[in-house]
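Undergrad: Sharing input39.csv below, CSV, C-alpha atoms and all ligand atoms:
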```csv
chain,number,residue,atom,x,y,z
A,85,MET,CA,-14.1,-3.5,-20.9
A,86,ASP,CA,-12.3,-4.8,-23.9
A,87,LYS,CA,-9.3,-6.1,-21.9
A,88,PRO,CA,-9.2,-7.5,-18.4
A,89,ILE,CA,-8.7,-4.9,-15.6
A,90,TYR,CA,-7.2,-6.6,-12.5
A,91,VAL,CA,-7.3,-5.4,-8.9
A,92,THR,CA,-3.8,-4.3,-9.4
A,93,GLN,CA,-0.9,-4.2,-11.8
A,94,PRO,CA,2.7,-3.9,-10.5
A,95,SER,CA,4.5,-0.6,-11.3
A,96,LEU,CA,7.8,-1.2,-13.0
A,97,PRO,CA,10.4,1.4,-14.1
A,98,GLU,CA,11.7,1.5,-17.7
A,99,LEU,CA,14.0,-1.4,-18.2
A,100,GLU,CA,16.8,1.0,-19.2
A,101,GLU,CA,16.8,2.4,-15.7
A,102,PHE,CA,17.3,-1.1,-14.2
A,103,ILE,CA,20.1,-2.2,-16.6
A,104,PRO,CA,23.0,-0.3,-15.0
A,105,TYR,CA,22.2,-1.9,-11.6
A,106,LEU,CA,22.2,-5.3,-13.3
A,107,GLN,CA,25.5,-4.5,-14.8
A,108,GLN,CA,26.9,-3.6,-11.3
A,109,ILE,CA,25.7,-7.0,-10.0
A,110,TRP,CA,27.2,-8.8,-13.0
A,111,ASP,CA,30.5,-6.9,-12.5
A,112,ASN,CA,31.0,-7.4,-8.8
A,113,LYS,CA,29.5,-10.9,-8.5
A,114,ILE,CA,27.9,-10.2,-5.2
A,115,LEU,CA,24.4,-11.6,-5.5
A,116,THR,CA,23.1,-11.8,-1.9
A,117,ASN,CA,24.2,-11.8,1.8
A,118,ASN,CA,24.1,-8.1,2.6
A,119,GLY,CA,25.6,-6.9,-0.7
A,120,PRO,CA,26.2,-3.3,-1.5
A,121,LEU,CA,22.8,-2.7,-3.1
A,122,HIS,CA,21.1,-4.3,-0.1
A,123,GLN,CA,23.0,-1.9,2.2
A,124,GLN,CA,22.2,1.1,0.0
A,125,LEU,CA,18.5,0.2,-0.1
A,126,GLU,CA,18.4,-0.1,3.7
A,127,ASN,CA,20.0,3.3,4.1
A,128,GLU,CA,17.8,5.0,1.5
A,129,LEU,CA,14.6,3.4,2.9
A,130,ALA,CA,15.4,4.4,6.5
A,131,LEU,CA,15.6,8.0,5.4
A,132,PHE,CA,12.7,7.8,3.0
A,133,LEU,CA,10.4,6.2,5.6
A,134,ASN,CA,11.7,8.3,8.4
A,135,VAL,CA,12.5,5.3,10.6
A,136,PRO,CA,15.5,4.5,12.7
A,137,TYR,CA,16.5,0.9,11.6
A,138,ILE,CA,15.3,-1.3,8.8
A,139,SER,CA,16.2,-4.9,7.9
A,140,LEU,CA,15.3,-6.1,4.4
A,141,PHE,CA,13.7,-9.5,3.9
A,142,ALA,CA,12.9,-11.9,1.0
A,143,ASN,CA,9.2,-11.3,1.6
A,144,GLY,CA,6.7,-9.9,4.1
A,145,THR,CA,5.7,-13.2,5.5
A,146,LEU,CA,9.2,-14.2,6.5
A,147,ALA,CA,9.6,-10.7,8.1
A,148,LEU,CA,6.5,-11.4,10.2
A,149,VAL,CA,7.7,-14.8,11.3
A,150,THR,CA,11.1,-13.4,12.2
A,151,ALA,CA,9.7,-10.4,14.0
A,152,LEU,CA,7.9,-12.8,16.4
A,153,GLN,CA,11.2,-14.7,16.9
A,154,ALA,CA,13.2,-11.6,17.5
A,155,LEU,CA,11.0,-10.6,20.4
A,156,ASN,CA,10.7,-14.2,21.8
A,157,ILE,CA,6.9,-14.1,21.5
A,158,THR,CA,5.2,-17.2,22.8
A,159,GLY,CA,1.8,-18.4,24.2
A,160,GLU,CA,-1.1,-16.3,22.8
A,161,VAL,CA,-1.2,-13.3,20.6
A,162,ILE,CA,-4.2,-11.0,20.0
A,163,THR,CA,-4.8,-10.4,16.3
A,164,THR,CA,-7.3,-9.5,13.7
A,165,PRO,CA,-9.3,-12.0,11.5
A,166,TYR,CA,-9.7,-9.3,8.8
A,167,SER,CA,-6.4,-9.5,7.0
A,168,PHE,CA,-4.4,-11.6,4.5
A,169,VAL,CA,-3.8,-15.1,5.9
A,170,ALA,CA,-0.1,-14.5,6.2
A,171,THR,CA,-0.7,-12.4,9.4
A,172,THR,CA,-2.0,-15.4,11.3
A,173,HIS,CA,0.1,-18.0,9.6
A,174,SER,CA,3.2,-16.2,11.0
A,175,LEU,CA,1.9,-17.0,14.5
A,176,TRP,CA,1.2,-20.6,13.7
A,177,TRP,CA,4.7,-21.0,12.3
A,178,ASN,CA,6.0,-19.9,15.7
A,179,ASN,CA,3.7,-22.2,17.6
A,180,ILE,CA,1.8,-19.3,19.0
A,181,LYS,CA,-2.0,-19.4,19.5
A,182,PRO,CA,-3.8,-16.7,17.6
A,183,VAL,CA,-6.6,-15.1,19.6
A,184,PHE,CA,-9.0,-13.2,17.3
A,185,VAL,CA,-10.6,-10.0,18.4
A,186,ASP,CA,-13.2,-8.1,16.4
A,187,ILE,CA,-12.5,-5.0,14.3
A,188,GLU,CA,-13.9,-1.5,14.5
A,189,PRO,CA,-16.4,-0.6,11.8
A,190,GLU,CA,-14.8,2.7,10.7
A,191,PHE,CA,-11.6,1.4,9.1
A,192,GLY,CA,-11.7,-2.4,9.8
A,193,ASN,CA,-8.7,-2.3,12.1
A,194,LEU,CA,-8.5,-4.3,15.4
A,195,ASP,CA,-10.8,-2.8,18.0
A,196,PRO,CA,-8.8,-1.8,21.1
A,197,GLU,CA,-12.0,-1.5,23.1
A,198,LYS,CA,-12.8,-5.2,22.6
A,199,MET,CA,-9.3,-6.4,23.3
A,200,GLU,CA,-9.0,-6.4,27.0
A,201,ALA,CA,-11.5,-9.2,27.5
A,202,ALA,CA,-9.3,-11.5,25.4
A,203,ILE,CA,-6.1,-10.9,27.4
A,204,THR,CA,-5.1,-13.9,29.5
A,205,THR,CA,-2.0,-14.8,31.5
A,206,LYS,CA,-0.6,-16.4,28.4
A,207,THR,CA,-1.0,-13.3,26.2
A,208,THR,CA,2.4,-11.9,25.2
A,209,ALA,CA,1.7,-9.6,22.3
A,210,ILE,CA,-0.8,-7.8,20.1
A,211,MET,CA,-0.4,-8.1,16.3
A,212,PRO,CA,-2.7,-5.5,14.6
A,213,VAL,CA,-2.8,-4.8,10.9
A,214,HIS,CA,-3.1,-1.3,9.4
A,215,VAL,CA,-5.6,-2.7,6.9
A,216,TYR,CA,-5.6,-1.0,3.5
A,217,GLY,CA,-2.9,1.3,4.8
A,218,ASN,CA,-5.3,3.1,7.2
A,219,PRO,CA,-3.6,3.6,10.7
A,220,CYS,CA,-4.9,1.6,13.6
A,221,LYS,CA,-5.8,3.5,16.8
A,222,VAL,CA,-2.1,3.5,17.6
A,223,ASN,CA,-2.2,5.6,20.8
A,224,ARG,CA,-4.9,3.5,22.4
A,225,LEU,CA,-3.1,0.2,21.4
A,226,LYS,CA,0.1,1.4,23.0
A,227,GLU,CA,-1.7,2.3,26.2
A,228,ILE,CA,-3.2,-1.2,26.4
A,229,ALA,CA,0.1,-2.9,25.5
A,230,ASP,CA,2.0,-0.9,28.1
A,231,TYR,CA,-0.6,-1.5,30.8
A,232,TYR,CA,-0.6,-5.2,30.3
A,233,GLY,CA,3.2,-5.5,29.5
A,234,LEU,CA,2.5,-6.8,26.0
A,235,LYS,CA,4.7,-6.4,22.9
A,236,LEU,CA,3.1,-4.6,19.9
A,237,ILE,CA,4.0,-5.8,16.5
A,238,TYR,CA,2.3,-4.1,13.6
A,239,ASP,CA,1.7,-5.9,10.3
A,240,ALA,CA,2.2,-2.8,8.2
A,241,ALA,CA,2.3,-4.7,4.9
A,242,HIS,CA,-0.1,-2.2,3.3
A,243,CYS,CA,1.5,0.9,4.7
A,244,PHE,CA,4.6,1.7,2.7
A,245,GLY,CA,5.1,5.5,2.9
A,246,VAL,CA,2.1,6.2,5.1
A,247,LYS,CA,2.6,9.0,7.6
A,248,HIS,CA,0.4,9.4,10.7
A,249,GLN,CA,0.4,12.3,13.2
A,250,GLY,CA,3.4,13.7,11.2
A,251,ILE,CA,5.6,10.6,11.4
A,252,GLY,CA,6.2,7.5,9.4
A,253,ILE,CA,3.6,4.9,10.5
A,254,CYS,CA,6.3,2.3,11.1
A,255,ASN,CA,7.6,4.2,14.0
A,256,TYR,CA,4.7,2.9,16.1
A,257,GLY,CA,4.9,-0.3,18.0
A,258,ASP,CA,7.9,-2.4,19.1
A,259,LEU,CA,8.4,-3.7,15.5
A,260,SER,CA,6.6,-3.1,12.2
A,261,ILE,CA,6.8,-5.3,9.1
A,262,LEU,CA,6.3,-4.2,5.5
A,263,SER,CA,5.7,-6.2,2.3
A,264,PHE,CA,7.2,-5.2,-1.0
A,265,HIS,CA,5.3,-7.9,-3.0
A,266,ALA,CA,4.4,-7.3,-6.6
A,267,THR,CA,0.9,-6.2,-5.6
A,268,LYS,CA,2.1,-3.5,-3.2
A,269,VAL,CA,2.5,0.2,-3.7
A,270,PHE,CA,6.3,-0.2,-3.6
A,271,ASN,CA,7.5,-3.5,-5.0
A,272,THR,CA,10.8,-5.4,-5.3
A,273,MET,CA,8.9,-8.3,-7.0
A,274,GLU,CA,8.9,-10.1,-3.7
A,275,GLY,CA,10.3,-8.5,-0.6
A,276,GLY,CA,9.7,-7.2,2.9
A,277,ALA,CA,11.2,-5.5,5.9
A,278,ILE,CA,11.2,-5.2,9.7
A,279,ILE,CA,11.5,-1.7,11.2
A,280,SER,CA,13.1,-1.6,14.6
A,281,HIS,CA,14.0,1.1,17.0
A,282,ASP,CA,17.5,0.3,18.3
A,283,LYS,CA,20.8,-1.0,16.9
A,284,GLU,CA,20.8,-4.1,19.1
A,285,THR,CA,17.4,-5.3,17.9
A,286,LYS,CA,18.3,-4.7,14.3
A,287,ARG,CA,21.5,-6.6,14.7
A,288,HIS,CA,19.6,-9.5,16.2
A,289,ILE,CA,17.0,-9.5,13.4
A,290,ASP,CA,19.9,-9.5,10.9
A,291,TYR,CA,21.4,-12.5,12.5
A,292,LEU,CA,18.0,-14.3,12.5
A,293,LYS,CA,17.4,-13.8,8.8
A,294,ASN,CA,20.9,-15.3,8.0
A,295,PHE,CA,20.6,-18.7,9.8
A,296,GLY,CA,21.6,-17.1,13.1
A,297,PHE,CA,25.2,-16.4,12.1
A,298,ALA,CA,26.9,-13.8,14.2
A,299,GLY,CA,30.3,-14.4,12.7
A,300,GLU,CA,32.0,-17.1,10.5
A,301,THR,CA,31.7,-19.8,13.1
A,302,THR,CA,29.2,-18.4,15.6
A,303,ILE,CA,25.5,-19.2,15.6
A,304,ILE,CA,23.4,-17.3,18.2
A,305,ALA,CA,19.9,-18.7,17.3
A,306,THR,CA,18.0,-21.1,15.1
A,307,GLY,CA,17.7,-18.5,12.4
A,308,ILE,CA,16.3,-18.9,8.9
A,309,ASN,CA,17.3,-17.8,5.5
A,310,SER,CA,15.0,-14.9,4.7
A,311,LYS,CA,17.5,-12.5,3.1
A,312,MET,CA,16.6,-10.1,0.3
A,313,ASN,CA,18.9,-10.6,-2.7
A,314,GLU,CA,20.8,-8.0,-4.8
A,315,MET,CA,18.3,-8.1,-7.7
A,316,GLN,CA,15.4,-7.3,-5.4
A,317,ALA,CA,17.4,-4.5,-3.7
A,318,ALA,CA,18.4,-3.1,-7.1
A,319,LEU,CA,14.8,-2.9,-8.2
A,320,GLY,CA,13.9,-1.3,-4.9
A,321,LEU,CA,16.4,1.5,-5.5
A,322,VAL,CA,15.0,2.3,-8.9
A,323,GLN,CA,11.4,2.0,-7.7
A,324,LEU,CA,12.0,4.5,-4.9
A,325,LYS,CA,12.7,7.2,-7.5
A,326,HIS,CA,9.2,6.8,-8.9
A,327,TYR,CA,7.3,6.5,-5.6
A,328,ASP,CA,6.0,10.1,-5.5
A,329,GLU,CA,4.8,10.1,-9.1
A,330,ASN,CA,3.0,6.8,-8.5
A,331,ILE,CA,1.3,8.0,-5.3
A,332,ALA,CA,0.1,11.1,-7.1
A,333,LYS,CA,-1.5,8.9,-9.8
A,334,ARG,CA,-3.0,6.7,-7.2
A,335,LYS,CA,-4.5,9.7,-5.4
A,336,ARG,CA,-6.1,10.9,-8.7
A,337,ILE,CA,-7.7,7.5,-9.0
A,338,ALA,CA,-8.9,7.4,-5.4
A,339,VAL,CA,-10.4,10.9,-5.8
A,340,THR,CA,-12.2,9.9,-9.0
A,341,TYR,CA,-13.7,6.7,-7.3
A,342,ARG,CA,-14.7,8.8,-4.3
A,343,ASN,CA,-16.4,11.5,-6.4
A,344,GLN,CA,-18.2,9.0,-8.6
A,345,LEU,CA,-19.4,6.6,-5.9
A,346,LYS,CA,-20.1,8.9,-3.0
A,347,ASN,CA,-23.8,9.0,-3.8
A,348,ALA,CA,-24.2,5.5,-5.1
A,349,ARG,CA,-27.1,3.9,-3.3
A,350,GLY,CA,-26.1,0.9,-1.2
A,351,ILE,CA,-22.4,1.4,-1.8
A,352,PHE,CA,-20.3,2.5,1.2
A,353,LEU,CA,-16.8,3.8,1.2
A,354,LEU,CA,-14.3,4.0,4.1
A,355,PRO,CA,-13.7,7.6,5.3
A,356,GLU,CA,-10.4,9.4,4.6
A,357,ALA,CA,-8.2,8.8,7.6
A,358,GLN,CA,-7.5,12.0,9.6
A,359,ASP,CA,-4.1,13.3,10.3
A,360,THR,CA,-2.7,10.8,7.8
A,361,GLU,CA,-0.7,11.0,4.6
A,362,SER,CA,-2.2,8.0,2.6
A,363,ASN,CA,-0.5,5.8,0.0
A,364,TYR,CA,-3.9,4.9,-1.7
A,365,ALA,CA,-2.9,1.2,-1.6
A,366,TYR,CA,-6.4,-0.2,-2.0
A,367,PHE,CA,-9.9,1.1,-2.9
A,368,PRO,CA,-12.4,-1.1,-1.0
A,369,ILE,CA,-16.2,-0.6,-1.4
A,370,PHE,CA,-18.9,-2.2,0.8
A,371,VAL,CA,-22.1,-3.4,-0.8
A,372,ASP,CA,-25.3,-3.3,1.3
A,373,GLU,CA,-27.3,-6.0,-0.3
A,374,LYS,CA,-30.7,-4.6,0.7
A,375,GLU,CA,-30.1,-1.0,-0.4
A,376,TYR,CA,-28.1,-1.9,-3.5
A,377,ARG,CA,-30.6,-4.5,-4.4
A,378,MET,CA,-28.0,-6.9,-5.4
A,379,SER,CA,-25.6,-9.0,-3.3
A,380,ARG,CA,-21.9,-8.4,-3.1
A,381,ASP,CA,-21.1,-11.7,-4.7
A,382,ALA,CA,-23.6,-11.0,-7.6
A,383,LEU,CA,-21.9,-7.6,-8.2
A,384,TYR,CA,-18.5,-9.3,-8.0
A,385,GLU,CA,-19.4,-11.9,-10.6
A,386,LYS,CA,-21.1,-9.3,-12.8
A,387,LEU,CA,-17.9,-7.2,-12.7
A,388,LYS,CA,-15.9,-10.2,-13.7
A,389,GLN,CA,-18.1,-11.0,-16.6
A,390,ASN,CA,-17.3,-7.5,-17.8
A,391,ASN,CA,-13.6,-7.9,-17.4
A,392,ILE,CA,-13.3,-6.0,-14.2
A,393,PHE,CA,-11.5,-8.3,-11.7
A,394,GLY,CA,-11.9,-6.7,-8.2
A,395,ARG,CA,-11.0,-8.9,-5.2
A,396,ARG,CA,-12.8,-9.6,-2.0
A,397,TYR,CA,-9.9,-8.6,0.3
A,398,PHE,CA,-10.5,-9.9,3.0
A,399,TYR,CA,-13.1,-12.6,2.5
A,400,PRO,CA,-13.3,-15.2,4.0
A,401,LEU,CA,-12.1,-14.1,7.4
A,402,ILE,CA,-8.9,-15.8,8.5
A,403,SER,CA,-10.8,-17.3,11.4
A,404,GLU,CA,-12.9,-19.2,8.9
A,405,PHE,CA,-10.0,-21.2,7.4
A,406,SER,CA,-10.0,-24.8,8.5
A,407,MET,CA,-6.8,-24.6,10.6
A,408,TYR,CA,-8.2,-21.7,12.7
A,409,SER,CA,-12.0,-22.3,12.7
A,410,SER,CA,-12.1,-24.5,15.8
A,411,LEU,CA,-10.4,-21.8,18.0
A,412,GLU,CA,-12.8,-20.4,20.6
A,413,SER,CA,-12.1,-16.9,19.4
A,414,SER,CA,-13.1,-17.8,15.8
A,415,SER,CA,-16.8,-18.0,16.8
A,416,PRO,CA,-18.8,-15.8,14.5
A,417,ASP,CA,-20.5,-14.2,17.5
A,418,ASN,CA,-17.1,-12.9,18.6
A,419,LEU,CA,-16.4,-11.3,15.2
A,420,THR,CA,-19.7,-9.7,14.0
A,421,VAL,CA,-18.2,-6.5,12.6
A,422,ALA,CA,-15.4,-8.4,10.8
A,423,GLN,CA,-18.0,-10.8,9.4
A,424,LYS,CA,-20.1,-8.0,8.0
A,425,MET,CA,-17.2,-6.2,6.4
A,426,ALA,CA,-15.9,-9.5,4.9
A,427,ASN,CA,-19.3,-10.2,3.4
A,428,GLU,CA,-19.7,-6.8,1.9
A,429,VAL,CA,-16.2,-5.9,0.6
A,430,ILE,CA,-14.9,-5.6,-3.0
A,431,CYS,CA,-11.5,-4.0,-3.6
A,432,LEU,CA,-11.7,-2.2,-6.9
A,433,PRO,CA,-8.8,-2.0,-9.4
A,434,MET,CA,-6.2,0.5,-8.1
A,435,TYR,CA,-2.8,1.0,-9.7
A,436,PRO,CA,-0.9,4.0,-11.1
A,437,ASP,CA,-1.4,3.2,-14.7
A,438,LEU,CA,-5.1,2.7,-14.5
A,439,ASP,CA,-6.6,5.5,-16.6
A,440,LEU,CA,-9.3,7.7,-15.2
A,441,LYS,CA,-11.7,6.9,-18.1
A,442,THR,CA,-11.6,3.3,-17.0
A,443,VAL,CA,-12.2,4.3,-13.4
A,444,GLU,CA,-15.3,6.3,-14.5
A,445,ASN,CA,-16.5,3.3,-16.5
A,446,ILE,CA,-16.1,1.0,-13.5
A,447,CYS,CA,-18.1,3.4,-11.4
A,448,SER,CA,-20.9,3.8,-14.0
A,449,PHE,CA,-21.1,0.0,-14.2
A,450,ILE,CA,-21.4,-0.3,-10.4
A,451,GLN,CA,-24.1,2.4,-10.3
A,452,TYR,CA,-26.2,1.4,-13.2
A,453,LYS,CA,-25.3,-2.4,-13.3
B,1,LIG,N1,0.3,-9.1,5.7
B,1,LIG,C1,-0.7,-8.6,5.0
B,1,LIG,C2,-1.7,-7.7,5.6
B,1,LIG,C3,-0.7,-8.8,3.6
B,1,LIG,O1,-1.7,-8.2,2.8
B,1,LIG,C4,0.3,-9.6,3.0
B,1,LIG,C5,0.3,-9.9,1.6
B,1,LIG,C6,1.3,-10.2,3.8
B,1,LIG,C7,1.2,-9.9,5.2
B,1,LIG,C8,2.4,-11.0,3.3
B,1,LIG,O2,3.3,-10.3,2.6
B,1,LIG,P1,4.1,-11.1,1.4
B,1,LIG,O3,4.7,-12.3,2.0
B,1,LIG,O4,3.2,-11.4,0.3
B,1,LIG,O5,5.2,-10.1,1.0
B,1,LIG,C9,-1.9,-10.9,-2.9
B,1,LIG,C10,-0.4,-11.0,-2.6
B,1,LIG,O6,0.2,-12.2,-3.0
B,1,LIG,C11,-0.1,-10.7,-1.1
B,1,LIG,O7,1.3,-10.2,-1.1
B,1,LIG,C12,-1.0,-9.7,-0.5
B,1,LIG,N2,-0.7,-9.5,0.9
B,1,LIG,C13,-2.4,-10.0,-0.8
B,1,LIG,C14,-3.3,-9.0,-0.2
B,1,LIG,O8,-2.6,-10.0,-2.2
B,1,LIG,P2,-3.4,-12.7,-4.1
B,1,LIG,O9,-3.4,-14.2,-3.9
B,1,LIG,O10,-4.6,-11.9,-4.1
B,1,LIG,O11,-2.5,-12.3,-5.3
B,1,LIG,P3,-2.7,-12.6,-6.9
B,1,LIG,O12,-1.5,-13.3,-7.4
B,1,LIG,O13,-4.0,-13.2,-7.1
B,1,LIG,O14,-2.6,-11.1,-7.5
B,1,LIG,C15,-3.7,-10.2,-7.5
B,1,LIG,C16,-3.8,-9.6,-8.9
B,1,LIG,O15,-2.6,-8.8,-9.1
B,1,LIG,C17,-3.8,-10.6,-10.1
B,1,LIG,O16,-5.1,-10.9,-10.4
B,1,LIG,C18,-3.1,-9.9,-11.2
B,1,LIG,C19,-2.2,-8.9,-10.5
B,1,LIG,N3,-0.8,-9.3,-10.5
B,1,LIG,C20,-0.3,-10.1,-9.5
B,1,LIG,C21,1.0,-10.5,-9.5
B,1,LIG,C22,1.5,-11.4,-8.5
B,1,LIG,C23,0.0,-8.9,-11.5
B,1,LIG,O17,-0.5,-8.2,-12.5
B,1,LIG,N4,1.3,-9.2,-11.5
B,1,LIG,C24,1.9,-10.0,-10.6
B,1,LIG,O18,3.1,-10.3,-10.6
B,1,LIG,O19,-2.4,-12.2,-2.9
```
Please express what this file holds, its structure, as structure tokens.

TA:
Amino acid sequence: MDKPIYVTQPSLPELEEFIPYLQQIWDNKILTNNGPLHQQLENELALFLNVPYISLFANGTLALVTALQALNITGEVITTPYSFVATTHSLWWNNIKPVFVDIEPEFGNLDPEKMEAAITTKTTAIMPVHVYGNPCKVNRLKEIADYYGLKLIYDAAHCFGVKHQGIGICNYGDLSILSFHATKVFNTMEGGAIISHDKETKRHIDYLKNFGFAGETTIIATGINSKMNEMQAALGLVQLKHYDENIAKRKRIAVTYRNQLKNARGIFLLPEAQDTESNYAYFPIFVDEKEYRMSRDALYEKLKQNNIFGRRYFYPLISEFSMYSSLESSSPDNLTVAQKMANEVICLPMYPDLDLKTVENICSFIQYK
């Protein structure tokens, strides 16, 4: 490649489209604290995502931290080691002990069938991740959560716009969080959200993200400042108009990768999720060192030398980071599937403006190294 191709490149609208929104902010001097654009984006997103209530955040990590506070989660929470580190960090910030459970080999999501052995009297919630935007086994997870009286909080950071079984994916669980980071399918530069199911919970979340203020002189909790500002909200409103065209472009790229790599020896792809409208957020491949006759890391380095900057999302496992590695549940024996996926994965470049010729070149490079 003559210029670097990164794992992603943020989608941005034409600047001219954004200027009128900036003008509005400059005119009315409301920059943050539930301004008009913030309110408009909340309304538009609730409709677009087909969810009852949404609260916007400065980023996805603060949304996760606040979601746990909103439901008073304490003690131990069952979660996945195969995710971005923010998932587990949000537990740590709340003084909650993460308990890692292995993932299932089909999509790399938390395995409900391995979960029950990890539930103790201290367990209060399950925090799964719909990794790469592929839905978890939502019905089974709900069954387990209901049976044991646990809360279910989905890290849906990869899932903007995904529909499953005919409904927006964020309708599952007690709460779901989204990320609108620059690297996500829908971005507000930085940003995030919590989806809730009733007015009371939304109101509580909105208090928590604004220091706990429930009126000029009333503080109802030790809230934090995690509000989305008007610039972010303005960008979100413009981005939303381009969502469908961006997803169509992503789909063409995913189809090209799939067609080109489906018979590549030693390279494995995730199946297409059934009953799901995907957002094509990521395109992970898995390298079987023996069959491919080259290790994942050797391929990763070789791609880099050729200006193709994939990423090993998610390697290392979160459980391997020093602050978590001494937990009992971090033992490699407990996480064999996750270990294997983390050791084999490379996420290939995936973003709407990636041209199909480049995708074909990446695939040829992988096949003929
Ligand atoms: N839960 C899950 C499951 C998540 O995946 C994430 C975030 C979160 C929670 C937390 O949500 P946020 O608090 O972030 O809203 C990136 C992102 O920083 C992170 O948001 C994301 N997950 C994670 C999977 O990926 P890095 O360290 O790989 O990003 P970085 O800066 O190396 O960017 C990757 C490539 O993208 C660069 O090589 C070039 C390109 N890029 C990146 C940025 C930021 C651009 O072209 N422009 C840009 O502005 O973590």

Undergrad: Determine the nearest neighbour of ligand LIG 1 (chain B) from the options A:Pro120, A:Pro165, A:Gly307, A:Gly233, counting only C-alpha atoms and all ligand atoms.

TA: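 Ranking A:Pro120, A:Pro165, A:Gly307, A:Gly233 by distance to ligand LIG 1 (chain B), first place goes to A:Pro165.
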
Undergrad: Could you list, as a PyMOL selection string, all residues that come within 7 Å of ligand LIG 1 (chain B)? Count only C-alpha atoms and all ligand atoms.

TA: chain A and resi 90-94+143-146+167-168+170-171+213+215+239-242+263-267+274-276+397

Undergrad: Nearest to Ile228 in chain A: which of A:Cys431, A:Leu419, A:Ala298, A:Ala209 is it, counting only C-alpha atoms?

TA: A:Ala209

Undergrad: Which is closer to Asn178 in chain A than all the others in A:Asp230, A:Thr150, A:Ala422, A:Asp111, using all atoms listed in the file?

TA: A:Thr150

Undergrad: Near Glu404 in chain A, within 9 Å and counting all atoms listed in the file, which residues show up once chain neighbours fewer than 5 positions away are dropped, as a list in words?

TA: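 Answer for this query is Pro165, Ser409, Ser410, Ser414, Ser415 and Pro416 of chain A.
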
Undergrad: Find the spatial neighbours of Tyr327 in chain A, counting all atoms listed in the file, within a cut-off of 12 Å - ignore same-chain residues fewer than 5 positions away - and output them as a ChimeraX atom specification.

TA: /A:95-97,129,132-133,244-246,268-271,320-322,332-334,363-364,436

Undergrad: Quick one, how far is CA of Asp372 in chain A from CA of Asn343 in chain A?

TA: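 So the answer is 18.9 Å.
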
Undergrad: Write out as a list in words the residues lying within 7 Å of range 152-163 of chain A, counting only C-alpha atoms and excluding same-chain residues fewer than 2 positions away.

TA: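 Residues near the query, excluding close chain neighbours: Leu148, Val149, Thr150, Pro165, Ile180, Lys181, Pro182, Val183, Phe184, Val185, Lys206, Thr207, Thr208, Ala209, Ile210, Met211, Pro212, His288 and Ile289 of chain A.
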
Undergrad: Distance CA of Glu128 in chain A-CA of His248 in chain A, one decimal place?

TA: 20.2 Å

Undergrad: Grab the CA of Ile251 in chain A to CA of Lys346 in chain A distance for me, in Å with one decimal place.

TA: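 So the answer is 29.5 Å.
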